[in-house]
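Asks: You'll find run_13.txt just under this line, and it carries compact mmCIF, C-alpha atoms.
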```txt
# COMPACT_ATOMS: atom_id res chain seq x y z
CA MET A 1 0.82 95.35 199.03
CA SER A 2 2.74 96.30 195.88
CA SER A 3 3.02 94.04 192.87
CA SER A 4 6.81 94.17 193.20
CA PHE A 5 6.56 92.87 196.75
CA LEU A 6 4.25 90.08 195.65
CA SER A 7 6.72 89.21 192.90
CA ARG A 8 9.51 89.10 195.47
CA ARG A 9 7.48 86.75 197.66
CA VAL A 10 7.09 84.39 194.72
CA MET A 11 10.82 84.60 193.95
CA LEU A 12 11.80 83.96 197.58
CA ALA A 13 9.43 81.03 197.78
CA GLY A 14 11.17 79.57 194.74
CA MET A 15 14.49 79.94 196.58
CA GLY A 16 13.15 78.05 199.57
CA VAL A 17 12.75 81.12 201.78
CA ALA A 18 9.64 80.73 203.89
CA MET A 19 7.52 83.83 204.43
CA MET A 20 4.26 84.02 206.29
CA ALA A 21 1.27 86.11 205.35
CA PRO A 22 1.46 89.72 206.58
CA TYR A 23 -0.79 90.84 209.37
CA GLY A 24 -1.41 94.07 211.23
CA VAL A 25 -3.82 96.42 212.94
CA ALA A 26 -5.75 98.51 210.42
CA ARG A 27 -6.96 102.05 210.88
CA ALA A 28 -8.93 103.83 208.19
CA ASP A 29 -7.05 107.13 208.47
CA GLY A 30 -3.64 105.61 209.20
CA GLN A 31 -0.43 105.61 207.22
CA VAL A 32 0.47 102.06 206.18
CA LEU A 33 3.99 100.88 207.05
CA ARG A 34 5.44 97.51 206.04
CA ILE A 35 7.62 96.09 208.81
CA GLY A 36 9.85 93.03 208.31
CA ILE A 37 10.58 90.78 211.30
CA ILE A 38 11.71 87.21 211.90
CA ALA A 39 8.93 84.66 212.33
CA GLY A 40 8.42 83.34 215.84
CA GLU A 41 8.24 85.09 219.20
CA ASP A 42 8.63 88.54 217.64
CA GLU A 43 5.24 88.14 215.99
CA ASP A 44 3.51 88.17 219.38
CA VAL A 45 5.47 91.26 220.39
CA TRP A 46 4.71 93.16 217.20
CA ARG A 47 0.97 92.56 217.54
CA VAL A 48 1.18 94.76 220.63
CA VAL A 49 3.37 97.30 218.81
CA ALA A 50 0.82 97.45 215.98
CA GLU A 51 -1.94 98.22 218.48
CA ASN A 52 0.17 101.03 219.96
CA ALA A 53 0.97 102.43 216.52
CA ALA A 54 -2.70 102.45 215.48
CA LYS A 55 -3.40 104.91 218.28
CA GLU A 56 -0.90 107.27 216.62
CA GLY A 57 -2.44 106.93 213.16
CA LEU A 58 -0.02 104.31 211.81
CA THR A 59 -1.20 101.05 210.27
CA LEU A 60 1.50 98.38 210.51
CA LYS A 61 1.64 95.47 208.11
CA ILE A 62 3.90 92.97 209.85
CA ILE A 63 5.71 90.67 207.43
CA PRO A 64 7.53 87.69 209.02
CA PHE A 65 10.59 86.14 207.34
CA SER A 66 12.51 82.97 208.13
CA ASP A 67 15.74 83.97 206.32
CA TYR A 68 17.89 86.47 208.22
CA ASN A 69 19.23 88.00 204.99
CA ALA A 70 15.84 88.67 203.42
CA PRO A 71 14.56 91.57 205.60
CA ASN A 72 17.51 93.80 204.72
CA GLU A 73 17.30 92.92 201.04
CA ALA A 74 13.59 93.77 201.01
CA LEU A 75 14.21 97.01 202.92
CA ALA A 76 17.01 98.09 200.59
CA GLU A 77 14.67 97.55 197.64
CA HIS A 78 11.98 99.65 199.39
CA GLU A 79 9.63 96.69 199.58
CA LEU A 80 9.63 97.27 203.34
CA ASP A 81 9.52 100.58 205.17
CA ALA A 82 11.41 99.25 208.20
CA ASN A 83 12.63 96.04 209.75
CA ALA A 84 13.36 94.94 213.29
CA PHE A 85 15.50 91.85 213.76
CA GLN A 86 19.21 92.71 213.86
CA HIS A 87 22.01 94.23 215.90
CA GLY A 88 24.80 96.60 214.92
CA PRO A 89 27.58 94.19 213.88
CA PHE A 90 25.16 92.26 211.66
CA LEU A 91 23.91 95.43 209.95
CA GLU A 92 27.44 96.78 209.55
CA ALA A 93 28.51 93.58 207.79
CA GLN A 94 25.44 93.62 205.53
CA ASN A 95 25.84 97.29 204.62
CA LYS A 96 29.48 96.71 203.72
CA ALA A 97 28.99 93.48 201.80
CA LYS A 98 25.88 94.50 199.86
CA ASN A 99 26.23 98.29 199.69
CA PHE A 100 23.02 98.84 201.62
CA HIS A 101 22.34 102.23 203.19
CA ILE A 102 20.34 101.07 206.20
CA VAL A 103 20.51 102.79 209.60
CA PRO A 104 19.21 102.06 213.12
CA VAL A 105 16.58 104.43 214.49
CA GLY A 106 15.51 102.97 217.85
CA ASN A 107 16.47 100.10 220.14
CA THR A 108 14.17 97.13 220.68
CA TYR A 109 15.77 94.48 222.92
CA LEU A 110 18.93 92.59 223.77
CA SER A 111 18.92 88.84 223.44
CA PRO A 112 22.05 87.84 225.41
CA ILE A 113 23.92 84.96 223.82
CA GLY A 114 24.48 82.18 226.35
CA LEU A 115 26.75 79.25 227.09
CA TYR A 116 24.69 76.13 227.80
CA SER A 117 25.57 72.65 229.02
CA ARG A 118 23.77 69.46 229.97
CA ARG A 119 26.91 67.82 231.35
CA TRP A 120 28.34 70.52 233.59
CA LYS A 121 26.83 72.95 236.10
CA SER A 122 29.37 75.77 235.76
CA VAL A 123 32.16 77.11 233.59
CA ALA A 124 34.66 76.03 236.26
CA GLU A 125 33.55 72.40 235.83
CA LEU A 126 34.33 72.32 232.11
CA PRO A 127 37.19 69.86 231.62
CA ASN A 128 40.39 70.32 229.65
CA LYS A 129 39.82 69.51 225.97
CA ALA A 130 36.11 70.24 226.35
CA VAL A 131 34.20 70.41 223.07
CA ILE A 132 32.24 73.66 222.78
CA GLY A 133 29.94 74.37 219.85
CA VAL A 134 29.66 77.87 218.38
CA PRO A 135 27.63 79.32 215.48
CA ASN A 136 29.64 79.45 212.25
CA ASP A 137 28.33 82.69 210.72
CA PRO A 138 30.81 85.59 211.12
CA THR A 139 28.80 87.81 213.47
CA ASN A 140 27.61 85.13 215.89
CA GLU A 141 30.85 83.16 215.88
CA GLY A 142 32.68 86.32 216.86
CA ARG A 143 30.14 87.00 219.55
CA ALA A 144 30.51 83.44 220.88
CA LEU A 145 34.30 83.55 220.94
CA LEU A 146 34.30 86.90 222.73
CA LEU A 147 32.05 85.37 225.38
CA LEU A 148 34.46 82.43 225.79
CA GLN A 149 37.28 84.96 226.11
CA LYS A 150 35.34 86.91 228.75
CA LEU A 151 34.94 83.66 230.67
CA GLY A 152 38.72 83.09 230.61
CA LEU A 153 38.60 79.98 228.43
CA ILE A 154 40.47 81.39 225.41
CA LYS A 155 42.05 84.59 224.09
CA VAL A 156 41.55 85.99 220.60
CA ALA A 157 43.57 88.49 218.60
CA GLU A 158 42.67 92.09 219.44
CA ASP A 159 42.72 93.17 215.79
CA ALA A 160 39.87 90.74 215.03
CA GLY A 161 37.46 93.24 216.58
CA LEU A 162 33.91 91.95 217.01
CA VAL A 163 34.24 89.22 214.38
CA PRO A 164 37.02 86.81 215.42
CA THR A 165 36.99 83.27 214.08
CA ALA A 166 38.59 80.11 215.44
CA LEU A 167 41.71 81.06 213.45
CA ASP A 168 42.05 84.17 215.64
CA ILE A 169 42.40 82.20 218.88
CA THR A 170 45.83 83.11 220.26
CA GLU A 171 45.71 81.35 223.62
CA ASN A 172 43.89 78.16 224.55
CA PRO A 173 45.39 76.93 227.84
CA ARG A 174 42.68 74.35 228.46
CA GLN A 175 42.86 73.02 224.90
CA ILE A 176 39.20 73.75 224.27
CA SER A 177 37.96 72.28 221.00
CA VAL A 178 35.79 74.89 219.27
CA LYS A 179 33.29 73.19 216.97
CA GLU A 180 31.82 75.54 214.36
CA MET A 181 28.26 74.70 213.33
CA ASP A 182 25.26 76.27 211.64
CA ALA A 183 23.50 78.60 214.09
CA GLY A 184 20.29 76.60 213.77
CA MET A 185 22.02 73.31 214.57
CA VAL A 186 24.42 74.14 217.39
CA GLY A 187 21.70 74.09 220.04
CA ARG A 188 20.29 70.79 218.82
CA ALA A 189 23.79 69.26 219.04
CA LEU A 190 24.20 70.29 222.71
CA PRO A 191 23.73 66.72 224.05
CA ASP A 192 26.75 65.59 222.02
CA MET A 193 29.12 68.28 223.34
CA ASP A 194 30.36 69.58 226.66
CA ALA A 195 28.77 72.96 226.05
CA ALA A 196 27.54 75.26 223.29
CA VAL A 197 27.15 78.98 222.74
CA VAL A 198 23.63 79.45 221.38
CA ASN A 199 21.55 82.48 220.42
CA THR A 200 18.43 82.81 222.57
CA ASP A 201 15.96 82.27 219.71
CA TRP A 202 17.71 79.11 218.55
CA ALA A 203 18.06 77.89 222.14
CA ASN A 204 14.29 78.14 222.53
CA LYS A 205 13.72 76.29 219.27
CA ALA A 206 16.16 73.56 220.31
CA GLY A 207 14.29 72.92 223.54
CA ILE A 208 17.10 74.15 225.78
CA ASP A 209 16.02 75.13 229.29
CA LEU A 210 17.34 78.70 229.37
CA GLN A 211 17.32 78.94 233.13
CA LYS A 212 18.55 75.48 234.16
CA GLU A 213 21.05 74.73 231.38
CA ARG A 214 22.68 78.15 231.00
CA ILE A 215 26.06 78.33 232.73
CA ALA A 216 27.04 81.81 231.47
CA GLN A 217 25.81 84.65 229.29
CA GLU A 218 26.80 88.08 227.99
CA ALA A 219 26.52 91.09 230.25
CA PRO A 220 23.83 93.57 229.12
CA GLN A 221 25.87 96.68 229.98
CA ASN A 222 27.47 98.44 226.99
CA ASN A 223 26.53 95.50 224.81
CA PRO A 224 26.98 96.12 221.05
CA TYR A 225 24.40 93.47 220.19
CA VAL A 226 21.25 95.36 221.18
CA CYS A 227 18.69 94.92 218.40
CA PHE A 228 16.87 97.85 216.80
CA ILE A 229 14.36 99.10 214.28
CA ALA A 230 16.13 99.97 211.02
CA VAL A 231 15.15 102.03 207.98
CA ASN A 232 16.74 103.20 204.77
CA GLU A 233 18.97 106.21 205.40
CA THR A 234 16.73 108.36 203.20
CA ASP A 235 13.83 107.73 205.60
CA LYS A 236 15.59 108.25 208.93
CA ASN A 237 14.08 111.73 209.46
CA ALA A 238 10.58 110.84 208.21
CA PRO A 239 7.85 111.85 210.70
CA TRP A 240 6.57 108.29 211.04
CA VAL A 241 9.92 106.98 212.28
CA SER A 242 9.68 108.51 215.76
CA LYS A 243 6.07 107.34 216.06
CA LEU A 244 7.09 103.80 215.14
CA VAL A 245 9.94 103.76 217.65
CA SER A 246 7.65 105.18 220.34
CA ALA A 247 5.08 102.47 219.60
CA PHE A 248 7.72 99.85 220.43
CA GLN A 249 9.28 101.51 223.44
CA GLN A 250 6.24 101.16 225.71
CA ASP A 251 5.59 99.35 228.98
CA ASN A 252 3.06 96.99 227.39
CA VAL A 253 5.76 95.93 224.89
CA LYS A 254 8.11 95.19 227.80
CA GLN A 255 5.40 92.91 229.14
CA ALA A 256 4.96 91.28 225.73
CA LEU A 257 8.72 90.67 225.49
CA ALA A 258 8.78 89.05 228.92
CA GLN A 259 5.87 86.79 228.04
CA ALA A 260 6.98 85.86 224.52
CA PHE A 261 10.61 85.15 225.43
CA HIS A 262 9.99 83.81 228.96
CA GLY A 263 12.26 86.44 230.49
CA ALA A 264 15.23 85.62 228.24
CA VAL A 265 15.54 89.05 226.62
CA VAL A 266 16.21 92.50 228.04
CA PRO A 267 14.42 95.66 226.81
CA GLY A 268 16.90 97.83 224.93
CA TRP A 269 15.61 101.17 226.12
CA SER A 270 15.44 102.74 229.57
```
Could you take the file, read its structure, and then write that structure out as structure tokens?

Replies:
Amino acid sequence: MSSSFLSRRVMLAGMGVAMMAPYGVARADGQVLRIGIIAGEDEDVWRVVAENAAKEGLTLKIIPFSDYNAPNEALAEHELDANAFQHGPFLEAQNKAKNFHIVPVGNTYLSPIGLYSRRWKSVAELPNKAVIGVPNDPTNEGRALLLLQKLGLIKVAEDAGLVPTALDITENPRQISVKEMDAGMVGRALPDMDAAVVNTDWANKAGIDLQKERIAQEAPQNNPYVCFIAVNETDKNAPWVSKLVSAFQQDNVKQALAQAFHGAVVPGWS
């Protein structure tokens, strides 16, 4: 691990960004690649990916982060070789805001965002003036509002694209109250609301029963929120990239995804 990367770890720790020690599968003749992921279920999945990659001569050093902004910052500074944690709208916003030149190179999985409730058994049962929590970051709030629109609860302005906010709601016939909250808190606040749109990872962390308490979710077909492996644009044609993608897109990784996420995610490749 480079001294610059170690320095960054110290700096991030000082900013309150938790990072876990890297791990991987070593191979004496293998090329070493540093892969940034989000701590949690993905760690179990990437242990299997690292084993697959070792058979192709790649040694993966898996570096878990707890801050969703940090993996792209580290990749842009070439302190990572690749990361795997984000979908297209998130990357597009980061590239634009921070002048990154990061590109997707291979799909990993789709984690459908869901609408959950402990008070009601279906969308049809939601009452007028229901309070529905949504994440307050631009990408996930837009995703949540588009789901509510798909379910017929609201309409948002077409020119808002994939990132509408509550201010873009143009029709609200049932007078739904949209409560914007931090993505990590909206699931925990579910008992205090009629329903909440929660990302799968945060739903798991909040103790939500994904099968029993989910009353709706995104459709997987043509979904723009499929996650992927990403690299700096200058590396997109490097020989190791296709090997890394192939190491993920394997049947044993599908099994690892099913086990780690309890069936809540969908593989992003055929």

Asks: Using all atoms listed in the file, pick whichever of A:Lys155, A:Arg47, A:Arg174, A:His101 has the shortest atom-to-atom distance to A:Leu75.

Replies: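 When distances to A:Leu75 are compared using all atoms listed in the file, the smallest one comes from A:His101.
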
Asks: Residues within 7 Å of stretch 29-42 of chain A, please, as a count of residues only. Count all atoms listed in the file; anything in the same chain fewer than 6 positions from it doesn't count.

Replies: 19

Asks: So, counting only C-alpha atoms, which residue among A:Asn252, A:Gln221, A:Asn140, A:Asn107 is closest to A:Val45?

Replies: A:Asn252

Asks: Tell me which protein, DNA and RNA residues are within 6 Å of A:Cys227, counting only C-alpha atoms, leaving out same-chain ones fewer than 3 positions away, and put them as a ChimeraX atom specification.

Replies: /A:86-87,107-110

Asks: List as a list in words the protein and nucleic acid residues near stretch 184-186 of chain A, meaning an atom at most 9 Å away when only C-alpha atoms are counted, but skip any in the same chain fewer than 5 places from it.

Replies: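 Skipping anything fewer than 5 positions along the chain leaves Gly133, Val134, Pro135, Lys179, Ala196, Val197, Val198, Asn199, Trp202, Ala203, Lys205 and Ala206 of chain A.
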
Asks: Hey, which of A:Glu180, A:Asp201, A:Glu79, A:Asp194 ends up closest to A:Glu125? Count all atoms listed in the file.

Replies: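 Among A:Glu180, A:Asp201, A:Glu79, A:Asp194, it is A:Asp194 that comes nearest to A:Glu125.
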
Asks: Would you compute the distance between atom CA of A:Glu51 and atom CA of A:Asn232? Give it in Å to one decimal.

Replies: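 Atom CA of A:Glu51 sits 23.7 Å away from atom CA of A:Asn232.
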